[in-house]
file run.cif (mmCIF, C-alpha atoms, pLDDT in the B column; chains and numbers go by the auth columns)
data_final
loop_
_atom_site.group_PDB
_atom_site.id
_atom_site.type_symbol
_atom_site.label_atom_id
_atom_site.label_comp_id
_atom_site.label_asym_id
_atom_site.label_seq_id
_atom_site.Cartn_x
_atom_site.Cartn_y
_atom_site.Cartn_z
_atom_site.B_iso_or_equiv
_atom_site.auth_seq_id
_atom_site.auth_asym_id
ATOM 1 C CA MET A 1 0.000 0.000 0.000 44.00 1 C
ATOM 2 C CA ASP A 2 1.475 3.387 -0.916 49.00 2 C
ATOM 3 C CA LEU A 3 2.009 5.994 1.818 48.00 3 C
ATOM 4 C CA GLY A 4 -0.805 8.229 0.564 52.00 4 C
ATOM 5 C CA ASN A 5 -3.357 5.467 0.593 70.00 5 C
ATOM 6 C CA SER A 6 -2.042 4.258 3.960 87.00 6 C
ATOM 7 C CA LEU A 7 -2.582 7.692 5.503 86.00 7 C
ATOM 8 C CA ARG A 8 -6.024 7.945 3.936 87.00 8 C
ATOM 9 C CA GLU A 9 -7.016 4.630 5.503 90.00 9 C
ATOM 10 C CA ARG A 10 -5.525 5.642 8.843 90.00 10 C
ATOM 11 C CA LEU A 11 -7.616 8.803 8.883 89.00 11 C
ATOM 12 C CA ILE A 12 -10.721 6.726 8.242 91.00 12 C
ATOM 13 C CA ASP A 13 -9.673 4.244 10.943 92.00 13 C
ATOM 14 C CA VAL A 14 -9.310 7.080 13.445 91.00 14 C
ATOM 15 C CA GLY A 15 -12.662 8.516 12.416 90.00 15 C
ATOM 16 C CA VAL A 16 -14.342 5.133 12.897 93.00 16 C
ATOM 17 C CA ASP A 17 -12.802 4.801 16.364 91.00 17 C
ATOM 18 C CA LEU A 18 -13.925 8.307 17.313 89.00 18 C
ATOM 19 C CA VAL A 19 -17.493 7.891 16.146 89.00 19 C
ATOM 20 C CA MET A 20 -17.720 4.550 17.948 88.00 20 C
ATOM 21 C CA THR A 21 -16.520 5.999 21.246 86.00 21 C
ATOM 22 C CA ASP A 22 -17.545 9.666 21.206 81.00 22 C
ATOM 23 C CA GLY A 23 -20.306 9.958 18.597 78.00 23 C
ATOM 24 C CA THR A 24 -20.577 12.203 15.568 75.00 24 C
ATOM 25 C CA ALA A 25 -19.823 15.418 17.464 72.00 25 C
ATOM 26 C CA SER A 26 -16.162 14.356 17.658 67.00 26 C
ATOM 27 C CA LEU A 27 -15.705 14.083 13.896 75.00 27 C
ATOM 28 C CA GLY A 28 -13.942 17.307 13.021 78.00 28 C
ATOM 29 C CA LEU A 29 -11.043 17.270 10.561 80.00 29 C
ATOM 30 C CA ARG A 30 -8.690 18.779 13.146 82.00 30 C
ATOM 31 C CA GLU A 31 -9.716 16.287 15.807 84.00 31 C
ATOM 32 C CA ILE A 32 -9.215 13.342 13.466 86.00 32 C
ATOM 33 C CA ALA A 33 -5.846 14.720 12.343 85.00 33 C
ATOM 34 C CA ARG A 34 -4.738 15.147 15.954 86.00 34 C
ATOM 35 C CA HIS A 35 -5.633 11.572 16.850 85.00 35 C
ATOM 36 C CA ALA A 36 -3.927 10.315 13.684 85.00 36 C
ATOM 37 C CA GLY A 37 -0.749 12.201 14.609 86.00 37 C
ATOM 38 C CA VAL A 38 -0.632 14.344 11.477 87.00 38 C
ATOM 39 C CA SER A 39 -0.907 18.060 10.771 86.00 39 C
ATOM 40 C CA HIS A 40 -4.374 19.595 10.837 81.00 40 C
ATOM 41 C CA GLY A 41 -4.164 20.207 7.085 81.00 41 C
ATOM 42 C CA ALA A 42 -3.235 16.627 6.166 82.00 42 C
ATOM 43 C CA PRO A 43 -6.796 15.264 5.873 82.00 43 C
ATOM 44 C CA ARG A 44 -7.625 17.764 3.127 82.00 44 C
ATOM 45 C CA ARG A 45 -5.116 16.113 0.826 83.00 45 C
ATOM 46 C CA TYR A 46 -7.408 13.082 0.716 82.00 46 C
ATOM 47 C CA PHE A 47 -10.765 14.538 1.739 83.00 47 C
ATOM 48 C CA PRO A 48 -11.459 17.996 0.313 82.00 48 C
ATOM 49 C CA THR A 49 -14.330 18.514 2.755 81.00 49 C
ATOM 50 C CA ARG A 50 -15.367 17.195 6.152 81.00 50 C
ATOM 51 C CA HIS A 51 -18.394 15.817 4.319 82.00 51 C
ATOM 52 C CA ALA A 52 -16.160 13.578 2.172 84.00 52 C
ATOM 53 C CA LEU A 53 -14.390 12.157 5.223 85.00 53 C
ATOM 54 C CA LEU A 54 -17.665 11.518 7.034 87.00 54 C
ATOM 55 C CA SER A 55 -18.944 9.681 3.960 86.00 55 C
ATOM 56 C CA ALA A 56 -15.865 7.439 3.953 87.00 56 C
ATOM 57 C CA ILE A 57 -16.342 6.686 7.654 90.00 57 C
ATOM 58 C CA ALA A 58 -20.031 5.919 7.146 91.00 58 C
ATOM 59 C CA ARG A 59 -19.163 3.613 4.241 90.00 59 C
ATOM 60 C CA ARG A 60 -17.118 1.538 6.699 91.00 60 C
ATOM 61 C CA GLY A 61 -20.229 1.277 8.835 93.00 61 C
ATOM 62 C CA PHE A 62 -22.267 -0.046 5.928 92.00 62 C
ATOM 63 C CA ALA A 63 -19.537 -2.570 5.103 91.00 63 C
ATOM 64 C CA ASP A 64 -19.588 -3.748 8.722 93.00 64 C
ATOM 65 C CA LEU A 65 -23.383 -3.991 8.793 94.00 65 C
ATOM 66 C CA GLY A 66 -23.418 -5.864 5.483 92.00 66 C
ATOM 67 C CA SER A 67 -20.881 -8.351 6.837 94.00 67 C
ATOM 68 C CA ARG A 68 -23.070 -8.916 9.887 94.00 68 C
ATOM 69 C CA PHE A 69 -26.069 -9.586 7.668 93.00 69 C
ATOM 70 C CA GLU A 70 -24.055 -12.150 5.708 93.00 70 C
ATOM 71 C CA ALA A 71 -22.713 -13.841 8.842 94.00 71 C
ATOM 72 C CA ALA A 72 -26.193 -14.135 10.360 93.00 72 C
ATOM 73 C CA ALA A 73 -27.932 -15.307 7.175 90.00 73 C
ATOM 74 C CA ASP A 74 -29.177 -18.868 6.860 93.00 74 C
ATOM 75 C CA GLU A 75 -29.668 -19.650 3.188 89.00 75 C
ATOM 76 C CA ASP A 76 -31.895 -22.602 4.056 92.00 76 C
ATOM 77 C CA ALA A 77 -34.274 -20.548 6.223 94.00 77 C
ATOM 78 C CA SER A 78 -37.577 -19.186 4.945 94.00 78 C
ATOM 79 C CA PRO A 79 -37.679 -15.584 3.688 94.00 79 C
ATOM 80 C CA ARG A 80 -39.714 -14.632 6.770 94.00 80 C
ATOM 81 C CA ASP A 81 -37.118 -16.137 9.122 94.00 81 C
ATOM 82 C CA ARG A 82 -34.318 -14.444 7.203 96.00 82 C
ATOM 83 C CA LEU A 83 -36.124 -11.114 7.471 96.00 83 C
ATOM 84 C CA GLU A 84 -36.456 -11.626 11.209 94.00 84 C
ATOM 85 C CA THR A 85 -32.732 -12.381 11.496 94.00 85 C
ATOM 86 C CA LEU A 86 -31.923 -9.302 9.424 95.00 86 C
ATOM 87 C CA ALA A 87 -34.169 -7.167 11.630 95.00 87 C
ATOM 88 C CA ARG A 88 -32.544 -8.457 14.820 93.00 88 C
ATOM 89 C CA THR A 89 -29.084 -7.815 13.373 94.00 89 C
ATOM 90 C CA TYR A 90 -30.082 -4.286 12.371 95.00 90 C
ATOM 91 C CA LEU A 91 -31.487 -3.439 15.797 93.00 91 C
ATOM 92 C CA ARG A 92 -28.528 -5.002 17.572 92.00 92 C
ATOM 93 C CA TYR A 93 -26.118 -2.960 15.466 94.00 93 C
ATOM 94 C CA ALA A 94 -28.056 0.206 16.232 93.00 94 C
ATOM 95 C CA GLY A 95 -27.865 -0.502 19.938 90.00 95 C
ATOM 96 C CA GLU A 96 -24.203 -1.454 20.001 91.00 96 C
ATOM 97 C CA HIS A 97 -22.882 1.235 17.645 92.00 97 C
ATOM 98 C CA ARG A 98 -25.178 4.190 18.109 91.00 98 C
ATOM 99 C CA GLY A 99 -22.768 6.863 16.843 91.00 99 C
ATOM 100 C CA MET A 100 -21.970 5.008 13.637 93.00 100 C
ATOM 101 C CA PHE A 101 -25.628 4.089 13.122 93.00 101 C
ATOM 102 C CA GLU A 102 -26.680 7.734 13.317 90.00 102 C
ATOM 103 C CA LEU A 103 -23.894 8.813 10.965 90.00 103 C
ATOM 104 C CA MET A 104 -24.707 6.189 8.336 90.00 104 C
ATOM 105 C CA PHE A 105 -28.235 7.433 7.711 87.00 105 C
ATOM 106 C CA ARG A 106 -27.696 11.176 7.554 82.00 106 C
ATOM 107 C CA HIS A 107 -29.577 12.487 4.538 73.00 107 C
ATOM 108 C CA ASP A 108 -26.809 14.877 3.497 72.00 108 C
ATOM 109 C CA LEU A 109 -24.359 11.969 3.326 68.00 109 C
ATOM 110 C CA LEU A 110 -26.770 9.863 1.327 62.00 110 C
ATOM 111 C CA ASN A 111 -26.831 12.701 -1.211 62.00 111 C
ATOM 112 C CA SER A 112 -23.056 12.648 -1.411 57.00 112 C
ATOM 113 C CA GLU A 113 -22.993 12.452 -5.196 53.00 113 C
ATOM 114 C CA LYS A 114 -23.322 16.240 -5.010 54.00 114 C
ATOM 115 C CA GLN A 115 -19.900 16.393 -3.386 52.00 115 C
ATOM 116 C CA PRO A 116 -16.773 16.279 -5.583 52.00 116 C
ATOM 117 C CA SER A 117 -14.848 13.085 -4.868 54.00 117 C
ATOM 118 C CA GLU A 118 -12.902 10.397 -6.686 56.00 118 C
ATOM 119 C CA HIS A 119 -14.653 7.796 -4.529 58.00 119 C
ATOM 120 C CA PRO A 120 -18.141 6.352 -5.118 61.00 120 C
ATOM 121 C CA PRO A 121 -21.002 8.237 -3.469 66.00 121 C
ATOM 122 C CA LEU A 122 -22.263 6.770 -0.230 73.00 122 C
ATOM 123 C CA ARG A 123 -25.544 5.711 -1.835 74.00 123 C
ATOM 124 C CA GLU A 124 -23.596 3.000 -3.680 76.00 124 C
ATOM 125 C CA ALA A 125 -22.964 1.378 -0.298 77.00 125 C
ATOM 126 C CA THR A 126 -26.553 1.689 0.896 82.00 126 C
ATOM 127 C CA LEU A 127 -28.618 0.652 -2.109 85.00 127 C
ATOM 128 C CA PRO A 128 -27.404 -2.993 -2.182 88.00 128 C
ATOM 129 C CA LEU A 129 -28.501 -3.469 1.434 90.00 129 C
ATOM 130 C CA PHE A 130 -31.958 -2.145 0.628 92.00 130 C
ATOM 131 C CA ALA A 131 -32.092 -4.291 -2.520 93.00 131 C
ATOM 132 C CA HIS A 132 -31.418 -7.336 -0.331 93.00 132 C
ATOM 133 C CA LEU A 133 -34.328 -6.377 1.905 95.00 133 C
ATOM 134 C CA VAL A 134 -36.599 -5.948 -1.128 96.00 134 C
ATOM 135 C CA ASP A 135 -35.539 -9.357 -2.461 96.00 135 C
ATOM 136 C CA LEU A 136 -36.455 -11.092 0.811 95.00 136 C
ATOM 137 C CA VAL A 137 -39.827 -9.300 0.940 95.00 137 C
ATOM 138 C CA THR A 138 -40.485 -10.337 -2.674 94.00 138 C
ATOM 139 C CA ARG A 139 -39.676 -13.972 -1.922 94.00 139 C
ATOM 140 C CA HIS A 140 -41.823 -13.930 1.201 92.00 140 C
ATOM 141 C CA ALA A 141 -44.737 -12.468 -0.765 90.00 141 C
ATOM 142 C CA ALA A 142 -44.370 -15.187 -3.390 90.00 142 C
ATOM 143 C CA GLU A 143 -44.659 -17.858 -0.704 87.00 143 C
ATOM 144 C CA ARG A 144 -47.479 -16.202 1.244 81.00 144 C
ATOM 145 C CA PRO A 145 -49.262 -13.727 -1.055 73.00 145 C
ATOM 146 C CA ALA A 146 -52.317 -13.433 1.197 72.00 146 C
ATOM 147 C CA ALA A 147 -50.211 -12.399 4.204 69.00 147 C
ATOM 148 C CA VAL A 148 -48.404 -9.440 2.659 67.00 148 C
ATOM 149 C CA SER A 149 -49.604 -5.993 1.676 73.00 149 C
ATOM 150 C CA SER A 150 -50.625 -5.514 -1.946 79.00 150 C
ATOM 151 C CA ALA A 151 -48.148 -2.642 -2.175 87.00 151 C
ATOM 152 C CA PRO A 152 -45.033 -3.225 -4.317 91.00 152 C
ATOM 153 C CA PRO A 153 -42.256 -5.120 -2.496 93.00 153 C
ATOM 154 C CA ALA A 154 -40.028 -2.030 -2.482 95.00 154 C
ATOM 155 C CA VAL A 155 -42.743 -0.076 -0.660 95.00 155 C
ATOM 156 C CA VAL A 156 -43.281 -2.876 1.872 94.00 156 C
ATOM 157 C CA ALA A 157 -39.508 -3.108 2.385 96.00 157 C
ATOM 158 C CA ALA A 158 -39.272 0.672 2.848 96.00 158 C
ATOM 159 C CA ALA A 159 -42.118 0.603 5.379 96.00 159 C
ATOM 160 C CA LEU A 160 -40.485 -2.262 7.281 96.00 160 C
ATOM 161 C CA TRP A 161 -37.123 -0.494 7.266 96.00 161 C
ATOM 162 C CA SER A 162 -38.732 2.749 8.438 96.00 162 C
ATOM 163 C CA ASN A 163 -40.427 0.906 11.292 95.00 163 C
ATOM 164 C CA LEU A 164 -37.200 -0.812 12.372 95.00 164 C
ATOM 165 C CA HIS A 165 -35.186 2.378 12.123 95.00 165 C
ATOM 166 C CA GLY A 166 -37.768 4.337 14.055 94.00 166 C
ATOM 167 C CA ALA A 167 -37.828 1.676 16.775 92.00 167 C
ATOM 168 C CA ALA A 168 -34.035 1.810 17.017 92.00 168 C
ATOM 169 C CA GLN A 169 -34.003 5.590 17.324 91.00 169 C
ATOM 170 C CA LEU A 170 -36.866 5.775 19.808 90.00 170 C
ATOM 171 C CA TRP A 171 -35.157 3.106 21.903 88.00 171 C
ATOM 172 C CA ALA A 172 -31.873 5.051 21.836 87.00 172 C
ATOM 173 C CA TRP A 173 -33.691 8.202 22.965 88.00 173 C
ATOM 174 C CA GLY A 174 -35.501 6.386 25.777 86.00 174 C
ATOM 175 C CA SER A 175 -38.948 7.024 24.313 88.00 175 C
ATOM 176 C CA LEU A 176 -39.989 3.383 23.949 85.00 176 C
ATOM 177 C CA GLN A 177 -38.957 2.578 27.503 83.00 177 C
ATOM 178 C CA LEU A 178 -41.093 5.487 28.667 86.00 178 C
ATOM 179 C CA VAL A 179 -44.280 4.439 26.887 86.00 179 C
ATOM 180 C CA LEU A 180 -43.911 0.672 27.267 82.00 180 C
ATOM 181 C CA GLY A 181 -42.516 0.682 30.775 76.00 181 C
ATOM 182 C CA ALA A 182 -40.009 -2.033 29.957 64.00 182 C
ATOM 183 C CA ALA A 183 -37.071 -2.884 27.728 60.00 183 C
ATOM 184 C CA PRO A 184 -38.748 -3.923 24.450 56.00 184 C
ATOM 185 C CA LEU A 185 -35.728 -4.384 22.207 59.00 185 C
ATOM 186 C CA GLU A 186 -34.326 -7.697 23.440 57.00 186 C
ATOM 187 C CA THR A 187 -32.834 -8.499 20.057 53.00 187 C
ATOM 188 C CA SER A 188 -31.357 -11.808 21.181 48.00 188 C
ATOM 189 C CA ALA A 189 -34.668 -13.104 22.504 45.00 189 C
ATOM 190 C CA ALA A 190 -36.916 -15.256 20.330 47.00 190 C
ATOM 191 C CA ASP A 191 -40.099 -13.729 21.723 54.00 191 C
ATOM 192 C CA ASP A 192 -39.392 -9.987 21.633 82.00 192 C
ATOM 193 C CA PRO A 193 -42.958 -8.630 21.367 86.00 193 C
ATOM 194 C CA LEU A 194 -42.077 -5.328 19.712 88.00 194 C
ATOM 195 C CA LEU A 195 -40.050 -6.920 16.936 91.00 195 C
ATOM 196 C CA ALA A 196 -42.764 -9.525 16.416 90.00 196 C
ATOM 197 C CA ALA A 197 -45.356 -6.760 16.098 92.00 197 C
ATOM 198 C CA VAL A 198 -43.211 -4.894 13.554 93.00 198 C
ATOM 199 C CA LEU A 199 -42.744 -7.985 11.396 94.00 199 C
ATOM 200 C CA ASP A 200 -46.407 -8.982 11.643 93.00 200 C
ATOM 201 C CA ALA A 201 -47.504 -5.481 10.621 93.00 201 C
ATOM 202 C CA HIS A 202 -45.593 -5.629 7.336 93.00 202 C
ATOM 203 C CA LEU A 203 -45.287 -9.341 6.567 92.00 203 C
ATOM 204 C CA GLY A 204 -48.440 -10.736 8.105 90.00 204 C
ATOM 205 C CA PRO A 205 -48.733 -12.867 11.275 87.00 205 C
ATOM 206 C CA VAL A 206 -46.840 -16.150 11.363 80.00 206 C
ATOM 207 C CA SER A 207 -49.998 -17.988 12.332 60.00 207 C
ATOM 208 C CA GLU A 208 -51.870 -17.050 9.129 50.00 208 C
#
call {"tool": "encode", "arguments": {"input": "run.cif", "output": "structure tokens"}}
result
Amino acid sequence: MDLGNSLRERLIDVGVDLVMTDGTASLGLREIARHAGVSHGAPRRYFPTRHALLSAIARRGFADLGSRFEAAADEDASPRDRLETLARTYLRYAGEHRGMFELMFRHDLLNSEKQPSEHPPLREATLPLFAHLVDLVTRHAAERPAAVSSAPPAVVAAALWSNLHGAAQLWAWGSLQLVLGAAPLETSAADDPLLAAVLDAHLGPVSE
């Protein structure tokens, strides 16, 4: 690896560490440069804007989340079971890596094709994950057409994703604990009632 690329990767590594430990507020170019042990102007040789560096850090998050989806996937399971596993993995990631999770879904970063960069826009890291969700919803609908909404699979997938993401955010803010009076996001439990309700709402009850 050449020195330039090595420094670029080190800056991203430092940014990932900072967002994991201190959240997005810590992600200034100067702060990342200081932790990387380089001059405050060094990051701009590889990232013309703070936006570009944040996009590169968020892309690492999507790569990590995608790897977790792959590791948890059971190719022999039904589409419904695979969607449940994906949902649990998503919620677990949100709970364990809150700073990165919040960074990954910032709308301005998702529109990063507007920013000049030699690297692919962040949307190229996000769209395959959504396409995977759509594929599982499509396969589930083919197996159980009466159980799923008549809306197009992409719309059902978007609604399911929105519900999961909202649950993750409301849990992180303490809102769900307040209204439910308990800890509803037990993502390792087989009988988590909130997750079951989310899946049933978009995919139909298992008992149908």
call {"tool": "residues_around", "arguments": {"input": "run.cif", "residues": "Ser55 of chain C", "least_positions_apart": "3", "cutoff": "7 Å", "atoms": "only C-alpha atoms", "output": "ChimeraX atom specification"}}
result
/C:51-52,58-59,109,122
call {"tool": "resolve_selection", "arguments": {"input": "run.cif", "expression": "the PyMOL selection byres ((chain C and resi 134) around 6)", "output": "CSV table (one decimal) with C-alpha atoms, keeping the file's coordinate frame"}}
result
chain,number,residue,atom,x,y,z
C,131,ALA,CA,-32.1,-4.3,-2.5
C,132,HIS,CA,-31.4,-7.3,-0.3
C,133,LEU,CA,-34.3,-6.4,1.9
C,135,ASP,CA,-35.5,-9.4,-2.5
C,136,LEU,CA,-36.5,-11.1,0.8
C,137,VAL,CA,-39.8,-9.3,0.9
C,153,PRO,CA,-42.3,-5.1,-2.5
C,154,ALA,CA,-40.0,-2.0,-2.5
C,157,ALA,CA,-39.5,-3.1,2.4
call {"tool": "closest_residue", "arguments": {"input": "run.cif", "among": "C:Asp64, C:Ala72, C:Ala42, C:Leu180", "to": "Arg88 of chain C", "atoms": "all atoms listed in the file"}}
result
C:Ala72
call {"tool": "closest_atom_pairs", "arguments": {"input": "run.cif", "of": "segment 86-166 of chain C", "to": "segment 17-32 of chain C", "cutoff": "9 Å", "atoms": "only C-alpha atoms", "output": "JSON lines"}}
result
{"residue": "C:His97", "atom": "CA", "partner": "C:Met20", "partner_atom": "CA", "distance": 6.1}
{"residue": "C:Arg98", "atom": "CA", "partner": "C:Met20", "partner_atom": "CA", "distance": 7.5}
{"residue": "C:Gly99", "atom": "CA", "partner": "C:Gly23", "partner_atom": "CA", "distance": 4.3}
{"residue": "C:Met100", "atom": "CA", "partner": "C:Val19", "partner_atom": "CA", "distance": 5.9}
{"residue": "C:Glu102", "atom": "CA", "partner": "C:Thr24", "partner_atom": "CA", "distance": 7.9}
{"residue": "C:Leu103", "atom": "CA", "partner": "C:Thr24", "partner_atom": "CA", "distance": 6.6}
call {"tool": "resolve_selection", "arguments": {"input": "run.cif", "expression": "the PyMOL selection byres ((chain C and resi 82) around 12)", "output": "MDAnalysis selection string"}}
result
chainID C and resid 69:81 83:89 132:133 135:137 139:140 199
call {"tool": "atom_distance", "arguments": {"input": "run.cif", "atom1": "atom CA of Trp171 of chain C", "atom2": "atom CA of Leu65 of chain C"}}
result
19.0 Å
call {"tool": "atom_distance", "arguments": {"input": "run.cif", "atom1": "atom CA of Leu53 of chain C", "atom2": "atom CA of Ile12 of chain C"}}
result
7.2 Å
call {"tool": "closest_residue", "arguments": {"input": "run.cif", "among": "C:Arg92, C:Ala141, C:Val14, C:Ala125", "to": "Gln169 of chain C", "atoms": "only C-alpha atoms"}}
result
C:Arg92
call {"tool": "atom_distance", "arguments": {"input": "run.cif", "atom1": "atom CA of Arg34 of chain C", "atom2": "atom CA of Ala63 of chain C"}}
result
25.5 Å
call {"tool": "residues_near_point", "arguments": {"input": "run.cif", "point": "(-26.1, 3.9, 5.7)", "cutoff": "6 Å", "atoms": "only C-alpha atoms", "output": "PyMOL selection string"}}
result
chain C and resi 62+104-105+126
call {"tool": "closest_residue", "arguments": {"input": "run.cif", "among": "C:His202, C:His40, C:Arg50, C:Arg68", "to": "Leu129 of chain C", "atoms": "all atoms listed in the file"}}
result
C:Arg68
call {"tool": "closest_residue", "arguments": {"input": "run.cif", "among": "C:Ser150, C:Leu11, C:Leu195, C:Pro205", "to": "Ser39 of chain C", "atoms": "all atoms listed in the file"}}
result
C:Leu11
call {"tool": "closest_residue", "arguments": {"input": "run.cif", "among": "C:Gly37, C:Gly204, C:Gly95, C:Pro152", "to": "Gly174 of chain C", "atoms": "only C-alpha atoms"}}
result
C:Gly95
call {"tool": "decode", "arguments": {"input": "run.cif", "residues": "segment 80-88 of chain C", "atoms": "all heavy atoms", "output": "compact mmCIF listing (two decimals), in the first residue's frame"}}
result
# COMPACT_ATOMS: atom_id res chain seq x y z
N ARG C 80 -39.22 -15.28 5.55
CA ARG C 80 -39.71 -14.63 6.77
C ARG C 80 -38.68 -14.75 7.89
O ARG C 80 -38.38 -13.77 8.59
CB ARG C 80 -41.04 -15.27 7.19
CG ARG C 80 -41.51 -14.95 8.62
CD ARG C 80 -41.94 -13.51 8.76
NE ARG C 80 -42.33 -13.20 10.13
CZ ARG C 80 -43.51 -12.72 10.49
NH1 ARG C 80 -44.44 -12.52 9.56
NH2 ARG C 80 -43.77 -12.44 11.73
N ASP C 81 -38.12 -15.95 8.08
CA ASP C 81 -37.12 -16.14 9.12
C ASP C 81 -35.86 -15.33 8.82
O ASP C 81 -35.23 -14.79 9.73
CB ASP C 81 -36.77 -17.62 9.26
CG ASP C 81 -37.88 -18.42 9.92
OD1 ASP C 81 -38.77 -17.80 10.55
OD2 ASP C 81 -37.86 -19.66 9.80
N ARG C 82 -35.50 -15.23 7.55
CA ARG C 82 -34.32 -14.44 7.20
C ARG C 82 -34.57 -12.95 7.43
O ARG C 82 -33.66 -12.23 7.86
CB ARG C 82 -33.93 -14.72 5.75
CG ARG C 82 -33.41 -16.13 5.52
CD ARG C 82 -32.98 -16.36 4.09
NE ARG C 82 -31.82 -15.50 3.76
CZ ARG C 82 -31.28 -15.45 2.55
NH1 ARG C 82 -31.79 -16.17 1.56
NH2 ARG C 82 -30.24 -14.67 2.33
N LEU C 83 -35.79 -12.51 7.19
CA LEU C 83 -36.12 -11.11 7.47
C LEU C 83 -36.08 -10.84 8.98
O LEU C 83 -35.62 -9.78 9.41
CB LEU C 83 -37.51 -10.79 6.91
CG LEU C 83 -37.57 -10.57 5.40
CD1 LEU C 83 -39.00 -10.65 4.90
CD2 LEU C 83 -36.96 -9.21 5.03
N GLU C 84 -36.52 -11.80 9.76
CA GLU C 84 -36.46 -11.63 11.21
C GLU C 84 -35.00 -11.55 11.68
O GLU C 84 -34.65 -10.71 12.51
CB GLU C 84 -37.17 -12.78 11.92
CG GLU C 84 -37.14 -12.65 13.43
CD GLU C 84 -37.90 -13.74 14.14
OE1 GLU C 84 -38.74 -14.40 13.50
OE2 GLU C 84 -37.65 -13.93 15.36
N THR C 85 -34.15 -12.41 11.14
CA THR C 85 -32.73 -12.38 11.50
C THR C 85 -32.10 -11.06 11.09
O THR C 85 -31.32 -10.45 11.84
CB THR C 85 -31.99 -13.55 10.81
OG1 THR C 85 -32.53 -14.79 11.29
CG2 THR C 85 -30.50 -13.49 11.11
N LEU C 86 -32.44 -10.59 9.89
CA LEU C 86 -31.92 -9.30 9.42
C LEU C 86 -32.37 -8.18 10.35
O LEU C 86 -31.57 -7.30 10.71
CB LEU C 86 -32.39 -9.06 7.99
CG LEU C 86 -31.89 -7.81 7.27
CD1 LEU C 86 -31.83 -8.05 5.76
CD2 LEU C 86 -32.79 -6.60 7.53
N ALA C 87 -33.64 -8.21 10.75
CA ALA C 87 -34.17 -7.17 11.63
C ALA C 87 -33.46 -7.17 12.98
O ALA C 87 -33.10 -6.12 13.52
CB ALA C 87 -35.67 -7.36 11.82
N ARG C 88 -33.24 -8.36 13.54
CA ARG C 88 -32.54 -8.46 14.82
C ARG C 88 -31.12 -7.92 14.70
O ARG C 88 -30.62 -7.22 15.57
CB ARG C 88 -32.51 -9.91 15.30
CG ARG C 88 -33.86 -10.45 15.72
CD ARG C 88 -33.70 -11.85 16.32
NE ARG C 88 -35.01 -12.44 16.57
CZ ARG C 88 -35.77 -12.14 17.60
NH1 ARG C 88 -35.35 -11.26 18.49
NH2 ARG C 88 -36.96 -12.72 17.76
